[in-house]
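Enquirer: Following this message is one structure expressed as structure tokens.
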Amino acid sequence: MFWKIQYNLLTMKSRLLFLLRLFITLLLIFATQKVVFMLVNIGHADGAPFGQCAAAIWHGMRLDTVAAAYLLIIPTLTTLLTLLFEPRSQKAESDFDALATNTLTHSHINTLFKVYFVIVAILMALAFAADVVLYYFWGAKIDANDLIYAAKPKEMLASLQWWTIPIGALAIGLLVWHYIRRLFHTMEVRTKTEAMRSRWYALLYIPLAALIFLGMRGGISESTANPSYAYFSKHQFCNHAALNPLFNIIHSMFKTEDLAKRFVYYDDNEVDEFADAFFATDGNVTDTLLTNPQPDILLIVWESGGSNITMVDSVAPNLNRYADEGVYFSNCYANNFRTDRGLVSLLSGWMGLPTTSLMKMSEKCAQLPSLASSFARRGYETRFVYGGDVDFTNMRGYLLETGYQTVEGSEAFPHSRSKSSWGAPDAYTLLPSVLADGHTTSQTHPFFTTILTLSSHEPWTVPMQHLSDSRQNAFAYTDSCIGVLVDSLRNMPIWDNLLIIITPDHGVPLSASQSTSDPSVAHIPMVWTGGAVRGHKTVDAMMMQSDIAATLLAQTGLSASHFPFSRNVLSPRFSDSRPMVLHCFKNGCNLIDSTGITRFECADGNTTVVGGNPSADHPQIIKKLLQYTYRKTAGLSKLKTESGERKAESGKRGCRVSTNTLTN
């Protein structure tokens, strides 16, 4: 019986073999889970090719390693203790005799391991079983938000037919039994090596601890372990199969915030009435900016390219030249202060959140609207290119969840080109060949390509020395790369139907002493150029980064009704509204309009005047905007629940409702 297996803790070799066997066993368990997950939920595959489904096992191994590394912590510490407390001189006739003389007895160690393995087996079985079942009904991976149902077992079980309860309990019981059996067998290590009694062998645990630490953080890259590590395919079923359920639950626990209970100041009906007026817009336009409503679109997201530095002619002469030639939105403000937050505002038209990053909440990303998904539905090829670590802050997961069919990071560029701390310099991503190579069928399908630059970032090290100030020089380098790209495209056939949009993810302080809360940092440019632009125009309407989505979609004849925060700034309704913007920084935000600037601090809820003579209703407006934004963001999780309920109901009628129809 496997319960009677005893572990030989006498030699260093046996300790290392035990940990290695345990690590491999955990990886095999996680790999088997992926196979079962895909077989049970094959109905969600939606045409995913067999090769990509099989590849989910390989691509999920990175997060499987992370989960296994965490589970190795207690066994590693326990084996270290048995080494430190092992007798140094007594010669034992058997393992049991030697260990019986220790402070930590043979019985204690084996009992500790077995209890720990039973707990791990139960957790893995419950997480896996719940993940498979919930995905079957909801089409979404389990995360910490789903744990709230465990607190209401009566309501949870009421949704199931009676016969599924004993079958489910039996399945979980078999899983627990199987996992316990596998884990117990890792203790069955026998070696003929003479006992290593010196406590100096404890030093070997230093490199071992380093390996486990690297496994826990997901490797040596700048990004730490996050769900994006498992994302590799445009077929979400494959990405979800690769994502380790135990890791996803634990990771989301630390990313979970009860957003619906943040910033509650007024009655919801009053806030909704305010929001309806504040975000009032439509698809009508007062001016048509494009020669063709269906152009090829290149969106260049300039890292940190705030107006305070990029609209200086000596720093960015090319951008200023394109602003004079094309359409220049001169009064645009970033919603947030970091790339992971700014991209969500830019690409999904979402308002900023001062206390958290929406991109890191993988369970909500699939529910977000996006420019990529809007254009994909029209038949566009959608592609995202970044020379750095595209897994940073769950970026890859967000992009694939929101409609990008192809996502390319630093792995798409030769290692010899990665000459900066952040990845491939902009000269290697801002090339016409990079644009052309990604769209082999653009003659029949228009494209929407996004390129995120990276060179204009601390430590401001670039392969060019043009200006003495290192910060300005970095922006001058990116501007020169943009100039090479745009001027090269100007001489290519693609130019006549090409719309190029240049705008940053967020602004940048001009010195170390300037804070991201400074209102001047929030001011950003947006320039439209290319052969598809009718001519020069300056749009001076005060707008937010989140308004770009609706404004662009209106010019291309697409609806933005599923973007709750994005406003078409060229619509007659926007012209009649009161223009103001909200810029978020860490744990605070600034409300800016023609009367002045008011700052709100999340910690204490106090407001202060930081510029001009702002209107007396500024504090109320800030609180209503935050309450509405956080409530809408919290509601993204509810969409998953609603889709699951509808799917379960449709299942009783013998049909299936696609969750994709509920997300936008």
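Chain lettering (A, B, ...) mirrors the order of the structure tokens, residue numbering begins at 1 for each chain separately, and ligand numbering begins at 1 in order of display.
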For the contact check between stretch 304-363 of chain A and stretch 544-557 of chain A, emit one row per residue of stretch 304-363 of chain A within 6 Å, containing the shortest atom pair and the distance in Å rounded to one decimal, counting only C-alpha atoms, chain then rising number order, as a tab-separated table.

Expert:
```
residue	atom	partner	partner_atom	distance
A:Cys332	CA	A:Met544	CA	5.5
A:Tyr333	CA	A:Met544	CA	4.8
A:Ala334	CA	A:Gln545	CA	5.0
A:Asn335	CA	A:Gln545	CA	5.8
A:Ser345	CA	A:Ser546	CA	4.8
A:Leu346	CA	A:Ser546	CA	5.3
A:Gly349	CA	A:Ser546	CA	4.0
A:Trp350	CA	A:Ser546	CA	5.6
```

Enquirer: For those residues, write N, CA and C atoms to a file as a PDB file, in the first residue's frame.

Expert:
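Contents of the output file result_23.pdb:
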```pdb
ATOM      1  N   CYS A 332      -5.289  66.687 -26.198  1.00  0.00           N
ATOM      2  CA  CYS A 332      -5.568  65.328 -25.744  1.00  0.00           C
ATOM      3  C   CYS A 332      -4.807  65.043 -24.446  1.00  0.00           C
ATOM      4  N   TYR A 333      -5.411  64.266 -23.560  1.00  0.00           N
ATOM      5  CA  TYR A 333      -4.798  63.948 -22.262  1.00  0.00           C
ATOM      6  C   TYR A 333      -4.827  62.438 -22.026  1.00  0.00           C
ATOM      7  N   ALA A 334      -3.723  61.934 -21.480  1.00  0.00           N
ATOM      8  CA  ALA A 334      -3.631  60.512 -21.138  1.00  0.00           C
ATOM      9  C   ALA A 334      -4.552  60.200 -19.969  1.00  0.00           C
ATOM     10  N   ASN A 335      -5.103  59.001 -19.968  1.00  0.00           N
ATOM     11  CA  ASN A 335      -5.940  58.569 -18.850  1.00  0.00           C
ATOM     12  C   ASN A 335      -5.122  58.080 -17.669  1.00  0.00           C
ATOM     13  N   SER A 345      -6.642  52.042 -21.922  1.00  0.00           N
ATOM     14  CA  SER A 345      -7.425  53.239 -22.244  1.00  0.00           C
ATOM     15  C   SER A 345      -7.401  53.518 -23.740  1.00  0.00           C
ATOM     16  N   LEU A 346      -6.246  53.353 -24.360  1.00  0.00           N
ATOM     17  CA  LEU A 346      -6.102  53.645 -25.780  1.00  0.00           C
ATOM     18  C   LEU A 346      -6.804  52.614 -26.656  1.00  0.00           C
ATOM     19  N   GLY A 349     -10.618  51.924 -24.975  1.00  0.00           N
ATOM     20  CA  GLY A 349     -11.452  53.079 -24.673  1.00  0.00           C
ATOM     21  C   GLY A 349     -11.927  53.101 -23.237  1.00  0.00           C
ATOM     22  N   TRP A 350     -11.122  52.563 -22.304  1.00  0.00           N
ATOM     23  CA  TRP A 350     -11.546  52.435 -20.914  1.00  0.00           C
ATOM     24  C   TRP A 350     -10.961  53.564 -20.077  1.00  0.00           C
TER      25      TRP A 350
END
```

Enquirer: Neighbouring residues of A:Asn331 were defined as those with any atom within 12 Å, considering only C-alpha atoms; residues of the same chain fewer than 3 positions away were excluded. Please report them as a PyMOL selection string.

Expert: chain A and resi 306-307+328+334+520+522-527+538-545+547+569+579-581+592-594

Enquirer: Between A:Val264, A:Val115, A:Ala372, A:Ile451, which residue has the minimum interatomic distance to A:Leu298, considering only C-alpha atoms?

Expert: A:Ile451

Enquirer: Using backbone DSSP assignments, extract all strand (DSSP E) residues from stretch 411-637 of chain A; output them as an MDAnalysis selection string.

Expert: chainID A and resid 447:452 498:504 523:529 537:539 543:544 580:585 588:593 596:601 607:612

Enquirer: In Å to one decimal, how far is atom CA of A:Arg567 from atom CA of A:Val285?

Expert: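 A separation of 11.5 Å between them.
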
Enquirer: Give me the residues near A:Ala69 as a list in words, where near means some atom within 9 Å (using only C-alpha atoms) and where sequence neighbours in that chain fewer than 2 positions away do not count.

Expert: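 Here the answer would be Phe23, Asp64, Thr65, Val66, Ala67, Leu71, Leu72, Ile73, Leu211, Ile212, Phe213, Leu214, Gly215 and Met216 of chain A.
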
Enquirer: Quick one: residues within 7 Å of A:Leu290, only C-alpha atoms, excluding same-chain residues fewer than 6 positions away - as a list in words?

Expert: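 The filter keeps Ala532, Val533 and Arg534 of chain A.
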
Enquirer: Would you output that residue set with N, CA, C and O atoms, as an mmCIF file, in the first residue's frame?

Expert:
```cif
data_model
loop_
_atom_site.group_PDB
_atom_site.id
_atom_site.type_symbol
_atom_site.label_atom_id
_atom_site.label_comp_id
_atom_site.auth_asym_id
_atom_site.auth_seq_id
_atom_site.Cartn_x
_atom_site.Cartn_y
_atom_site.Cartn_z
ATOM 1 N N ALA A 532 -4.319 58.314 -46.648
ATOM 2 C CA ALA A 532 -5.768 58.254 -46.435
ATOM 3 C C ALA A 532 -6.312 59.484 -45.717
ATOM 4 O O ALA A 532 -7.530 59.598 -45.533
ATOM 5 N N VAL A 533 -5.423 60.403 -45.299
ATOM 6 C CA VAL A 533 -5.853 61.621 -44.606
ATOM 7 C C VAL A 533 -6.132 62.710 -45.639
ATOM 8 O O VAL A 533 -5.317 62.967 -46.537
ATOM 9 N N ARG A 534 -7.294 63.374 -45.524
ATOM 10 C CA ARG A 534 -7.711 64.368 -46.518
ATOM 11 C C ARG A 534 -6.769 65.566 -46.567
ATOM 12 O O ARG A 534 -6.450 66.073 -47.646
#
```

Enquirer: Considering only C-alpha atoms, state which residue in the set A:Thr449, A:Thr478, A:Ser421, A:Ser228 is at the smallest distance from A:Met361.

Expert: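 Nearest candidate to A:Met361 out of A:Thr449, A:Thr478, A:Ser421, A:Ser228: A:Ser228.
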
Enquirer: For A:Gly535, work out the shell of residues within 12 Å, counting only C-alpha atoms and skipping chain neighbours fewer than 2 positions away, then give it as a PyMOL selection string.

Expert: chain A and resi 287-291+322-328+499+527-533+537-538

Enquirer: What lies within 10 Å of A:Asp267 using only C-alpha atoms, ignoring chain neighbours under 5 positions off, as a tab-separated table (two decimals) with C-alpha atoms, in the first residue's frame?

Expert:
```tsv
chain	number	residue	atom	x	y	z
A	272	ASP	CA	-25.86	56.71	-14.06
A	624	LYS	CA	-19.10	60.30	-9.69
A	627	GLN	CA	-17.80	55.47	-8.77
```

Enquirer: Using only C-alpha atoms, determine which residues lie at most 10 Å from A:Asn226, disregarding the query and same-chain residues fewer than 2 positions distant; provide the list as a list in words.

Expert: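 These residues fall inside the cut-off: Leu63, Val66, Arg217, Gly218, Ser223, Thr224, Ser228, Tyr229, Ala230, Leu243, Phe247, Asn248, His251, Ser252, Lys360, Met361, Ser362, Asp391, Phe392, Thr393, Asn394, Met395 and Gly397 of chain A.
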
Enquirer: I need the residues of stretch 182-300 of chain A that end up classed as helix (DSSP H, G or I) by DSSP on the backbone, written out as an MDAnalysis selection string.

Expert: chainID A and resid 182:185 199:217 227:230 236:242 245:253 259:261 268:278

Enquirer: Rank nothing, just name the residue among A:Leu16, A:Val118, A:Leu558, A:Ile24 nearest to A:Asn284, using only C-alpha atoms.

Expert: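 Closest to A:Asn284, using only C-alpha atoms: A:Leu558.
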
Enquirer: Which residue is closest to A:Ser304? Choose from A:Phe337, A:Phe278, A:Trp422, A:Tyr205 and count only C-alpha atoms.

Expert: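 So, comparing all the options, the nearest one is A:Phe337.
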